[in-house]
$ cat run.tsv   # TSV, C-alpha atoms and all ligand atoms
chain	number	residue	atom	x	y	z
U	1	MET	CA	86.67	-18.28	22.26
U	2	LEU	CA	83.73	-16.49	20.72
U	3	SER	CA	82.25	-13.30	22.07
U	4	ASN	CA	78.66	-12.69	22.91
U	5	ALA	CA	76.74	-9.44	22.44
U	6	GLN	CA	78.07	-7.96	25.69
U	7	ASN	CA	81.56	-8.66	24.42
U	8	HIS	CA	82.29	-11.03	27.26
U	9	PRO	CA	84.39	-14.00	26.28
U	10	MET	CA	82.18	-17.00	25.64
U	11	PRO	CA	83.92	-20.30	26.32
U	12	SER	CA	82.96	-22.91	23.78
U	13	LEU	CA	80.99	-25.86	25.05
U	14	GLN	CA	82.98	-28.96	25.97
U	15	ILE	CA	80.84	-32.07	25.78
U	16	LYS	CA	82.01	-34.61	28.36
U	17	LYS	CA	82.35	-38.18	27.16
U	18	ASN	CA	82.80	-39.90	30.52
U	19	ALA	CA	79.82	-41.44	32.30
U	20	ILE	CA	77.54	-38.89	33.98
U	21	THR	CA	77.35	-41.30	36.93
U	22	ASP	CA	81.03	-40.50	37.67
U	23	GLU	CA	79.88	-37.12	39.03
U	24	TYR	CA	76.12	-37.37	39.60
U	25	LYS	CA	73.68	-39.79	41.16
U	26	VAL	CA	70.78	-40.03	38.71
U	27	THR	CA	67.48	-40.39	40.60
U	28	SER	CA	64.16	-41.63	39.21
U	29	GLN	CA	62.44	-38.40	40.28
U	30	VAL	CA	60.84	-36.91	37.15
U	31	LEU	CA	60.71	-33.09	37.26
U	32	GLY	CA	58.96	-32.64	33.94
U	33	LEU	CA	58.21	-34.15	30.57
U	34	GLY	CA	59.28	-32.23	27.50
U	35	ILE	CA	58.39	-33.31	23.96
U	36	ASN	CA	61.95	-34.40	23.20
U	37	GLY	CA	62.79	-35.99	26.50
U	38	LYS	CA	62.28	-36.14	30.21
U	39	VAL	CA	63.80	-34.03	32.94
U	40	LEU	CA	65.09	-35.88	36.01
U	41	GLU	CA	66.43	-34.79	39.35
U	42	ILE	CA	70.11	-35.65	39.79
U	43	ILE	CA	72.49	-35.15	42.73
U	44	GLN	CA	76.10	-34.07	42.48
U	45	LYS	CA	78.10	-36.68	44.40
U	46	SER	CA	80.81	-34.30	45.66
U	47	THR	CA	78.41	-31.69	47.12
U	48	GLY	CA	75.03	-33.38	47.53
U	49	ASP	CA	73.46	-30.50	45.56
U	50	LYS	CA	70.44	-31.05	43.33
U	51	TYR	CA	70.49	-30.44	39.58
U	52	ALA	CA	68.08	-31.04	36.72
U	53	LEU	CA	68.99	-33.43	33.90
U	54	LYS	CA	67.43	-33.23	30.45
U	55	MET	CA	67.93	-36.34	28.34
U	56	LEU	CA	67.86	-36.03	24.56
U	57	LYS	CA	68.47	-38.55	21.80
U	58	ASP	CA	71.75	-37.59	20.13
U	59	CYS	CA	70.82	-35.93	16.82
U	60	ALA	CA	71.50	-32.68	14.97
U	61	LYS	CA	68.43	-31.04	16.53
U	62	ALA	CA	69.59	-31.93	20.04
U	63	HIS	CA	73.04	-30.46	19.33
U	64	ARG	CA	71.41	-27.25	18.08
U	65	GLU	CA	69.33	-27.01	21.27
U	66	VAL	CA	72.40	-27.52	23.46
U	67	GLU	CA	74.52	-25.04	21.51
U	68	LEU	CA	71.92	-22.24	21.56
U	69	HIS	CA	71.03	-22.87	25.22
U	70	TRP	CA	74.75	-22.76	26.07
U	71	ARG	CA	75.20	-19.37	24.39
U	72	ALA	CA	72.19	-18.09	26.34
U	73	SER	CA	73.40	-19.49	29.66
U	74	PRO	CA	75.26	-16.38	30.93
U	75	CYS	CA	71.92	-14.53	31.24
U	76	ALA	CA	70.66	-14.36	34.84
U	77	ASN	CA	67.08	-14.99	33.68
U	78	ILE	CA	67.84	-18.13	31.69
U	79	VAL	CA	68.22	-21.56	33.32
U	80	ARG	CA	71.94	-22.20	33.38
U	81	ILE	CA	73.65	-25.17	31.76
U	82	ILE	CA	76.26	-26.68	34.11
U	83	ASP	CA	77.54	-29.59	32.00
U	84	VAL	CA	76.71	-31.55	28.88
U	85	TYR	CA	77.49	-35.27	28.51
U	86	GLU	CA	77.39	-37.59	25.56
U	87	ASN	CA	76.65	-41.06	26.95
U	88	LEU	CA	75.26	-44.37	25.80
U	89	TYR	CA	71.87	-45.09	27.36
U	90	GLN	CA	70.13	-48.38	26.56
U	91	GLY	CA	72.52	-48.78	23.64
U	92	LYS	CA	71.68	-45.38	22.14
U	93	LYS	CA	73.81	-42.25	22.04
U	94	CYS	CA	72.28	-39.54	24.23
U	95	LEU	CA	72.96	-35.91	25.00
U	96	LEU	CA	72.58	-35.21	28.70
U	97	ILE	CA	72.10	-31.58	29.73
U	98	VAL	CA	72.86	-30.85	33.38
U	99	MET	CA	71.11	-27.64	34.45
U	100	GLU	CA	70.77	-25.70	37.67
U	101	CYS	CA	67.67	-26.98	39.48
U	102	MET	CA	64.76	-24.56	39.53
U	103	ASP	CA	62.74	-25.73	42.52
U	104	GLY	CA	60.26	-22.88	42.84
U	105	GLY	CA	57.83	-24.32	40.32
U	106	GLU	CA	56.14	-22.81	37.29
U	107	LEU	CA	55.27	-19.09	37.09
U	108	PHE	CA	51.50	-19.36	37.34
U	109	SER	CA	51.47	-22.09	40.02
U	110	ARG	CA	53.27	-19.65	42.27
U	111	ILE	CA	50.71	-16.92	41.62
U	112	GLN	CA	47.78	-19.31	42.03
U	113	ASP	CA	49.08	-20.50	45.41
U	114	ARG	CA	49.21	-17.06	47.01
U	115	GLY	CA	46.09	-17.42	49.10
U	116	ASP	CA	44.52	-14.12	50.16
U	117	GLN	CA	47.64	-12.03	49.50
U	118	ALA	CA	46.64	-10.25	46.29
U	119	PHE	CA	49.02	-10.20	43.35
U	120	THR	CA	49.51	-6.60	42.18
U	121	GLU	CA	50.03	-4.79	38.89
U	122	ARG	CA	53.51	-3.73	40.07
U	123	GLU	CA	54.48	-7.37	40.71
U	124	ALA	CA	53.22	-8.23	37.23
U	125	SER	CA	55.50	-5.50	35.88
U	126	ASP	CA	58.51	-6.94	37.76
U	127	ILE	CA	57.81	-10.42	36.37
U	128	MET	CA	57.44	-9.09	32.81
U	129	LYS	CA	60.75	-7.28	33.23
U	130	SER	CA	62.58	-10.51	34.17
U	131	ILE	CA	61.11	-12.37	31.20
U	132	GLY	CA	62.01	-9.33	29.05
U	133	GLU	CA	65.64	-9.52	30.27
U	134	ALA	CA	65.86	-13.11	29.01
U	135	ILE	CA	64.37	-12.22	25.61
U	136	GLN	CA	66.53	-9.08	25.34
U	137	PHE	CA	69.67	-11.14	25.95
U	138	LEU	CA	68.60	-13.74	23.37
U	139	HIS	CA	67.59	-11.26	20.66
U	140	ALA	CA	70.84	-9.33	21.15
U	141	ILE	CA	72.82	-12.48	20.31
U	142	ASN	CA	70.40	-13.27	17.46
U	143	ILE	CA	68.54	-16.16	18.98
U	144	ALA	CA	64.75	-16.42	18.87
U	145	HIS	CA	63.41	-18.77	21.56
U	146	ARG	CA	60.04	-19.37	19.83
U	147	ASP	CA	58.56	-21.34	22.74
U	148	VAL	CA	58.10	-18.75	25.48
U	149	LYS	CA	55.09	-20.07	27.40
U	150	PRO	CA	54.02	-20.59	31.03
U	151	GLU	CA	55.52	-24.09	31.52
U	152	ASN	CA	58.94	-22.87	30.35
U	153	LEU	CA	59.09	-20.12	32.97
U	154	LEU	CA	60.39	-21.50	36.27
U	155	PHE	CA	61.20	-19.99	39.64
U	156	SER	CA	64.27	-20.73	41.71
U	157	SER	CA	63.34	-21.27	45.34
U	158	LYS	CA	65.68	-18.70	46.86
U	159	ARG	CA	63.51	-16.40	48.94
U	160	PRO	CA	62.65	-13.60	49.19
U	161	ASN	CA	63.86	-12.63	45.71
U	162	ALA	CA	63.31	-15.84	43.81
U	163	LEU	CA	64.48	-15.47	40.23
U	164	LEU	CA	62.24	-16.31	37.30
U	165	LYS	CA	64.07	-18.03	34.44
U	166	LEU	CA	63.33	-19.21	30.94
U	167	THR	CA	64.12	-22.75	29.85
U	168	ASP	CA	63.77	-25.21	26.91
U	169	PHE	CA	65.65	-24.28	23.75
U	170	GLY	CA	64.08	-27.10	21.72
U	171	PHE	CA	62.57	-24.63	19.23
U	172	ALA	CA	65.20	-21.90	19.48
U	173	LYS	CA	66.61	-20.62	16.22
U	174	GLU	CA	69.54	-18.56	15.12
U	175	THR	CA	68.12	-15.51	13.37
U	176	THR	CA	71.22	-14.40	11.48
U	177	SER	CA	70.62	-15.46	7.91
U	178	HIS	CA	73.37	-17.48	6.32
U	179	ASN	CA	72.94	-15.97	2.90
U	180	SER	CA	75.36	-14.05	0.70
U	181	LEU	CA	75.43	-11.13	3.16
U	182	ALA	CA	77.28	-13.10	5.79
U	183	THR	CA	80.22	-13.32	3.40
U	184	PRO	CA	79.56	-10.36	1.11
U	185	CYS	CA	81.25	-10.30	-2.26
U	186	PHE	CA	80.13	-6.68	-2.67
U	187	THR	CA	79.81	-3.71	-0.38
U	188	PRO	CA	76.22	-3.78	0.87
U	189	TYR	CA	75.66	-0.02	1.23
U	190	TYR	CA	72.16	-0.05	-0.19
U	191	VAL	CA	70.83	-3.46	0.56
U	192	ALA	CA	67.08	-3.97	0.30
U	193	PRO	CA	65.40	-4.87	3.60
U	194	GLU	CA	63.99	-8.13	2.23
U	195	VAL	CA	67.50	-9.22	1.25
U	196	LEU	CA	68.64	-8.82	4.84
U	197	GLY	CA	66.49	-11.85	5.55
U	198	PRO	CA	63.27	-12.49	7.37
U	199	GLU	CA	64.73	-12.77	10.86
U	200	LYS	CA	62.21	-10.30	12.32
U	201	TYR	CA	59.41	-12.85	12.15
U	202	ASP	CA	61.11	-15.35	14.45
U	203	LYS	CA	61.83	-12.73	17.08
U	204	SER	CA	58.30	-11.34	16.86
U	205	CYS	CA	57.01	-14.75	17.92
U	206	ASP	CA	58.67	-14.14	21.32
U	207	MET	CA	57.06	-10.69	21.52
U	208	TRP	CA	53.61	-12.20	20.95
U	209	SER	CA	54.33	-14.64	23.79
U	210	LEU	CA	55.23	-11.71	26.06
U	211	GLY	CA	51.83	-10.17	25.22
U	212	VAL	CA	49.92	-13.35	26.06
U	213	ILE	CA	51.84	-13.93	29.31
U	214	MET	CA	51.38	-10.30	30.37
U	215	TYR	CA	47.64	-10.55	29.66
U	216	ILE	CA	47.29	-13.73	31.78
U	217	LEU	CA	49.38	-12.17	34.58
U	218	LEU	CA	46.97	-9.25	34.79
U	219	CYS	CA	43.68	-11.21	34.87
U	220	GLY	CA	44.24	-14.97	35.21
U	221	TYR	CA	42.82	-16.03	31.81
U	222	PRO	CA	44.29	-15.85	28.27
U	223	PRO	CA	43.31	-13.29	25.60
U	224	PHE	CA	42.30	-15.99	23.11
U	225	TYR	CA	40.68	-19.32	23.88
U	226	SER	CA	38.58	-21.89	22.09
U	227	ASN	CA	34.94	-22.11	23.12
U	228	HIS	CA	34.84	-25.87	23.70
U	229	GLY	CA	38.08	-26.17	25.67
U	230	LEU	CA	39.62	-28.70	23.28
U	231	ALA	CA	43.11	-27.81	22.03
U	232	ILE	CA	43.11	-25.10	19.34
U	233	SER	CA	39.98	-24.59	17.23
U	234	PRO	CA	39.51	-22.92	13.83
U	235	GLY	CA	37.55	-20.19	15.65
U	236	MET	CA	40.42	-19.53	18.00
U	237	LYS	CA	42.97	-19.39	15.17
U	238	ARG	CA	40.74	-16.88	13.41
U	239	ARG	CA	40.50	-14.72	16.54
U	240	ILE	CA	44.30	-14.80	16.93
U	241	ARG	CA	44.82	-13.83	13.28
U	242	MET	CA	42.21	-11.06	13.49
U	243	GLY	CA	43.52	-9.85	16.84
U	244	GLN	CA	40.08	-10.30	18.43
U	245	TYR	CA	40.37	-10.05	22.18
U	246	GLU	CA	38.99	-7.80	24.88
U	247	PHE	CA	39.76	-6.48	28.32
U	248	PRO	CA	36.57	-7.56	30.08
U	249	TYR	CA	34.95	-6.18	33.20
U	250	PRO	CA	35.48	-6.69	36.13
U	251	GLU	CA	39.06	-8.08	35.95
U	252	TRP	CA	40.38	-5.27	33.75
U	253	SER	CA	38.52	-2.28	35.16
U	254	GLU	CA	41.27	-1.29	37.61
U	255	VAL	CA	44.23	-2.23	35.38
U	256	SER	CA	46.16	0.81	34.11
U	257	GLU	CA	45.67	2.11	30.58
U	258	GLU	CA	49.49	1.88	30.07
U	259	ALA	CA	49.41	-1.87	30.69
U	260	GLN	CA	46.51	-2.42	28.28
U	261	GLN	CA	48.20	-0.24	25.65
U	262	LEU	CA	51.45	-2.23	26.03
U	263	ILE	CA	49.56	-5.51	25.50
U	264	ARG	CA	47.97	-4.10	22.34
U	265	THR	CA	51.38	-3.34	20.83
U	266	LEU	CA	52.65	-6.84	21.72
U	267	LEU	CA	49.63	-8.65	20.29
U	268	LYS	CA	49.59	-6.76	16.95
U	269	THR	CA	48.56	-9.31	14.33
U	270	GLU	CA	51.08	-8.07	11.78
U	271	PRO	CA	54.45	-9.38	13.06
U	272	THR	CA	56.42	-6.47	11.54
U	273	LYS	CA	54.25	-3.94	13.43
U	274	ARG	CA	54.75	-5.67	16.78
U	275	MET	CA	56.92	-3.98	19.39
U	276	THR	CA	60.60	-5.05	19.51
U	277	ILE	CA	62.29	-6.19	22.71
U	278	THR	CA	64.26	-2.93	22.96
U	279	GLU	CA	61.04	-0.89	22.79
U	280	PHE	CA	59.50	-3.20	25.37
U	281	MET	CA	62.38	-2.84	27.84
U	282	ASN	CA	62.25	0.95	27.42
U	283	HIS	CA	58.50	1.16	28.00
U	284	PRO	CA	57.71	3.03	31.25
U	285	TRP	CA	55.46	0.17	32.50
U	286	ILE	CA	58.60	-2.02	32.40
U	287	ASN	CA	61.52	0.28	33.18
U	288	LYS	CA	59.77	2.49	35.75
U	289	SER	CA	58.17	-0.38	37.64
U	290	MET	CA	58.45	1.69	40.86
U	291	LYS	CA	55.80	3.97	39.37
U	292	VAL	CA	53.43	1.16	38.34
U	293	PRO	CA	50.35	1.23	40.61
U	294	GLN	CA	50.12	-1.47	43.29
U	295	THR	CA	46.57	-2.27	42.28
U	296	PRO	CA	45.41	-5.66	43.59
U	297	LEU	CA	44.49	-7.95	40.69
U	298	HIS	CA	41.97	-10.77	40.26
U	299	THR	CA	44.70	-13.10	38.91
U	300	SER	CA	45.21	-15.46	41.90
U	301	ARG	CA	41.49	-15.96	42.41
U	302	VAL	CA	40.76	-16.53	38.70
U	303	LEU	CA	43.68	-18.99	38.37
U	304	MET	CA	42.37	-20.84	41.44
U	305	GLU	CA	38.75	-20.93	40.30
U	306	GLU	CA	39.72	-21.91	36.76
U	307	LYS	CA	42.45	-24.40	37.64
U	308	ASP	CA	40.70	-27.25	35.77
U	309	ALA	CA	40.93	-25.16	32.57
U	310	TRP	CA	44.66	-24.46	33.02
U	311	GLU	CA	45.88	-27.59	31.20
U	312	ASP	CA	43.78	-26.52	28.19
U	313	VAL	CA	45.14	-22.97	28.37
U	314	LYS	CA	48.70	-24.36	28.22
U	315	GLU	CA	47.83	-26.73	25.37
U	316	GLU	CA	46.25	-23.89	23.42
U	317	MET	CA	49.33	-21.69	23.78
U	318	THR	CA	51.61	-24.59	22.75
U	319	SER	CA	49.50	-25.15	19.68
U	320	ALA	CA	49.22	-21.44	18.81
U	321	LEU	CA	53.03	-21.14	18.98
U	322	ALA	CA	53.45	-24.19	16.72
U	323	THR	CA	51.09	-22.62	14.17
U	324	MET	CA	52.96	-19.33	14.36
U	325	ARG	CA	56.37	-20.97	13.79
U	326	VAL	CA	55.01	-22.68	10.66
U	327	ASP	CA	53.22	-19.55	9.38
U	328	TYR	CA	56.32	-17.39	9.78
U	329	GLU	CA	58.34	-19.98	7.87
U	330	GLN	CA	55.80	-19.52	5.03
U	331	ILE	CA	56.10	-15.71	5.07
U	332	LYS	CA	59.84	-16.15	4.80
U	333	ILE	CA	59.58	-18.39	1.74
U	334	LYS	CA	57.26	-15.82	0.14
U	335	THR	CA	59.62	-12.87	0.79
U	336	ILE	CA	62.63	-14.81	-0.49
U	337	LYS	CA	60.66	-15.87	-3.57
U	338	ASP	CA	59.75	-12.22	-4.22
U	339	SER	CA	63.28	-10.95	-3.75
U	340	THR	CA	64.72	-13.53	-6.16
U	341	ASN	CA	61.85	-13.60	-8.64
U	342	PRO	CA	63.46	-12.57	-11.99
U	343	LEU	CA	60.24	-10.95	-13.25
U	344	LEU	CA	59.98	-8.81	-10.14
U	345	THR	CA	63.67	-7.86	-10.38
U	346	LYS	CA	63.17	-6.79	-13.99
U	347	ARG	CA	60.12	-4.73	-13.06
U	348	ARG	CA	62.01	-3.07	-10.20
U	349	LYS	CA	64.93	-2.18	-12.51
U	350	LYS	CA	62.52	-0.76	-15.05
U	351	ALA	CA	60.80	1.30	-12.38
U	352	MET	CA	64.17	2.71	-11.31
U	353	GLN	CA	64.97	3.85	-14.86
U	354	GLU	CA	61.70	5.70	-15.24
U	355	PRO	CA	61.96	9.46	-14.64
E	401	LIG	N1	63.12	-28.02	37.98
E	401	LIG	N2	58.34	-27.52	30.18
E	401	LIG	C1	57.49	-28.39	30.97
E	401	LIG	C2	63.17	-28.07	35.53
E	401	LIG	N3	64.96	-27.24	36.87
E	401	LIG	N4	61.95	-28.32	32.88
E	401	LIG	C3	60.40	-28.72	30.90
E	401	LIG	N5	61.80	-28.75	28.83
E	401	LIG	C4	62.94	-28.36	29.48
E	401	LIG	C5	59.50	-29.67	31.71
E	401	LIG	C6	58.11	-29.75	31.13
E	401	LIG	C7	59.69	-27.37	30.75
E	401	LIG	O1	63.94	-28.03	28.83
E	401	LIG	C8	61.71	-28.46	31.59
E	401	LIG	C9	62.90	-28.28	30.92
E	401	LIG	C10	63.90	-28.03	31.85
E	401	LIG	C11	63.26	-28.04	33.09
E	401	LIG	C12	63.86	-27.79	34.39
E	401	LIG	C13	65.13	-27.22	34.49
E	401	LIG	C14	65.66	-26.97	35.75
E	401	LIG	C15	63.73	-27.78	36.78
E	401	LIG	C16	60.68	-29.34	29.53
E	401	LIG	C17	61.83	-28.43	38.28
E	401	LIG	C18	61.45	-28.57	39.71
E	401	LIG	C19	62.36	-29.03	40.64
E	401	LIG	C20	61.99	-29.18	41.98
E	401	LIG	C21	60.73	-28.84	42.39
E	401	LIG	C22	59.82	-28.36	41.48
E	401	LIG	C23	60.17	-28.24	40.14
E	401	LIG	O2	61.02	-28.64	37.40
E	401	LIG	C24	58.45	-27.97	41.93
E	401	LIG	F1	58.54	-26.88	42.64
E	401	LIG	F2	57.65	-27.76	40.94
E	401	LIG	F3	57.93	-28.93	42.68

$ encode --input "run.tsv" --output "structure tokens"
Amino acid sequence: MLSNAQNHPMPSLQIKKNAITDEYKVTSQVLGLGINGKVLEIIQKSTGDKYALKMLKDCAKAHREVELHWRASPCANIVRIIDVYENLYQGKKCLLIVMECMDGGELFSRIQDRGDQAFTEREASDIMKSIGEAIQFLHAINIAHRDVKPENLLFSSKRPNALLKLTDFGFAKETTSHNSLATPCFTPYYVAPEVLGPEKYDKSCDMWSLGVIMYILLCGYPPFYSNHGLAISPGMKRRIRMGQYEFPYPEWSEVSEEAQQLIRTLLKTEPTKRMTITEFMNHPWINKSMKVPQTPLHTSRVLMEEKDAWEDVKEEMTSALATMRVDYEQIKIKTIKDSTNPLLTKRRKKAMQEP
């Protein structure tokens, strides 16, 4: 038994080795296609209830995904793992993740389909709070999701208060560094920040995602997009790196200054300057959602009118996140190189001796 951040006992994951077909009827209904495998609808034989099944080739990466998703499972805003099987499928070892079935569809499909009932700024605040709860839970147990994007945010169907949950731990990463500090051979009273490891970059990737999702929720289009509509362009990467985006008229004219200010702190180009999840959850626009104005937004209409562009918007966010994960890996190598560079160490020691 391990303990999670809330100090609740966390049962360790038992991977079942019997055939999944003992307990579930596997249908051919495809619910979604991930990069590492497809998601099928399955039915529990004893109850007739629907579940979602994610099939992964059995490898170290798949085990990491399952383990991190399992640790995240107690959070109400994260799609829950029910069971994990290790089975042979077409002669190959597979990991089969049985999850609760989210049958309310993707976040933005729900908002697009609202007809004439306008989506309001207060509703946007409630949605951002539920996504924030998922990220807060993850960051508290030192997991960065690193793939928070529209197609990984799914609604359960239970009305009227359908829950929004985060899924897909294929890029999730443990942020606790496994360096000498984990098993210190000295008392680390005065440890330099760079020695503590570069974990902040991975978490800040999730904060950037929150900024992009919040922006789209409030107007229906993303803050950054390529001009030609084809995947990610050099121009778009430059705009992301330079933090070039606007709050154009007319969609943004009625949106509160607090909301726009919150987006600015989430989309800060420098990852270390970006807001943390704790600051986000304590922001009045999030934690005093009752006081957020019920201003009707243009979001549903824009999403409807621009629905042909939506696939490109999703592709662009996928690609921007991939770039960010690679870039942050690079920053990390640089900071580690600096902190272990003997010349730099010598210079620092010398500087300390100077009066
Ligand atoms: N239910 N990214 C896009 C889906 N319930 N879906 C994706 N990675 C995953 C699919 C491709 C997310 O890990 C994914 C993963 C897990 C799910 C998942 C988990 C639990 C669902 C890839 C549905 C669903 C079920 C019934 C109806 C409907 C959707 O997707 C809808 F309402 F849309 F018709």

$ atom_distance --input "run.tsv" --atom1 "CA of Ala309 (chain U)" --atom2 "CA of Lys203 (chain U)"
28.8 Å

$ axis_aligned_box --input "run.tsv" --around "region 324-332 of chain U" --padding-each-side "3 Å" --output "JSON"
{"center_x": 56.4, "center_y": -19.2, "center_z": 9.6, "size_x": 12.9, "size_y": 13.0, "size_z": 15.6}

$ closest_atom_pairs --input "run.tsv" --of "chain U" --to "ligand LIG 401 (chain E)" --cutoff "8 Å" --atoms "only C-alpha atoms and all ligand atoms" --output "CSV"
residue,atom,partner,partner_atom,distance
U:Leu31,CA,E:LIG401,O2,4.5
U:Gly32,CA,E:LIG401,C5,3.8
U:Leu33,CA,E:LIG401,C6,4.4
U:Gly34,CA,E:LIG401,C16,3.8
U:Ile35,CA,E:LIG401,C16,7.2
U:Asn36,CA,E:LIG401,N5,8.0
U:Gly37,CA,E:LIG401,C16,7.6
U:Lys38,CA,E:LIG401,C16,7.0
U:Val39,CA,E:LIG401,N4,6.0
U:Glu41,CA,E:LIG401,C19,7.2
U:Tyr51,CA,E:LIG401,N3,6.9
U:Ala52,CA,E:LIG401,C14,4.8
U:Leu53,CA,E:LIG401,C13,7.3
U:Lys54,CA,E:LIG401,C10,6.4
U:Val79,CA,E:LIG401,C14,6.5
U:Met99,CA,E:LIG401,C14,5.6
U:Glu100,CA,E:LIG401,C14,5.6
U:Cys101,CA,E:LIG401,N3,3.8
U:Met102,CA,E:LIG401,N3,3.8
U:Asp103,CA,E:LIG401,C20,3.6
U:Gly104,CA,E:LIG401,F1,4.4
U:Gly105,CA,E:LIG401,F2,3.5
U:Glu106,CA,E:LIG401,F2,6.3
U:Glu151,CA,E:LIG401,N2,4.6
U:Asn152,CA,E:LIG401,C7,4.6
U:Leu153,CA,E:LIG401,C7,7.6
U:Leu154,CA,E:LIG401,C15,7.1
U:Phe155,CA,E:LIG401,F1,8.0
U:Ser157,CA,E:LIG401,F1,7.9
U:Thr167,CA,E:LIG401,O1,5.4
U:Asp168,CA,E:LIG401,O1,3.4
U:Phe169,CA,E:LIG401,O1,6.5
U:Gly170,CA,E:LIG401,O1,7.2

$ closest_residue --input "run.tsv" --among "U:Val212, U:Ile97, U:Leu344, U:Ile240" --to "Leu266 (chain U)" --atoms "only C-alpha atoms"
U:Val212

$ residues_around --input "run.tsv" --residues "region 293-306 of chain U" --least-positions-apart "4" --cutoff "7 Å" --atoms "all atoms listed in the file" --output "PyMOL selection string"
chain U and resi 111-112+114+118-122+217-220+251+310

$ atom_distance --input "run.tsv" --atom1 "CA of Leu138 (chain U)" --atom2 "CA of Glu315 (chain U)"
24.6 Å

$ closest_residue --input "run.tsv" --among "U:Lys93, U:Lys57, U:His283, U:Lys165" --to "Val148 (chain U)" --atoms "only C-alpha atoms"
U:Lys165

$ closest_residue --input "run.tsv" --among "U:Ser204, U:Thr345, U:Asn18, U:Ser226" --to "Leu95 (chain U)" --atoms "all atoms listed in the file"
U:Asn18

$ residues_around --input "run.tsv" --residues "Ile78 (chain U)" --least-positions-apart "4" --cutoff "8 Å" --atoms "all atoms listed in the file" --output "MDAnalysis selection string"
chainID U and resid 72:74 134 165:167

$ closest_residue --input "run.tsv" --among "U:Glu23, U:Asp202, U:Glu65, U:Glu254" --to "Thr47 (chain U)" --atoms "only C-alpha atoms"
U:Glu23

$ closest_residue --input "run.tsv" --among "U:Ile131, U:Val191, U:Met275, U:Cys205" --to "Leu164 (chain U)" --atoms "all atoms listed in the file"
U:Ile131

$ closest_residue --input "run.tsv" --among "U:Glu133, U:Asp312, U:Asp49, U:Asp126" --to "Trp285 (chain U)" --atoms "all atoms listed in the file"
U:Asp126

$ atom_distance --input "run.tsv" --atom1 "CA of Tyr190 (chain U)" --atom2 "CA of Ile331 (chain U)"
23.0 Å

$ residues_around --input "run.tsv" --residues "Lys273 (chain U)" --least-positions-apart "2" --cutoff "12 Å" --atoms "only C-alpha atoms" --output "list of chain:residue names"
U:Lys200, U:Tyr201, U:Ser204, U:Met207, U:Trp208, U:Arg264, U:Thr265, U:Leu266, U:Leu267, U:Lys268, U:Thr269, U:Glu270, U:Pro271, U:Met275, U:Thr276, U:Glu279
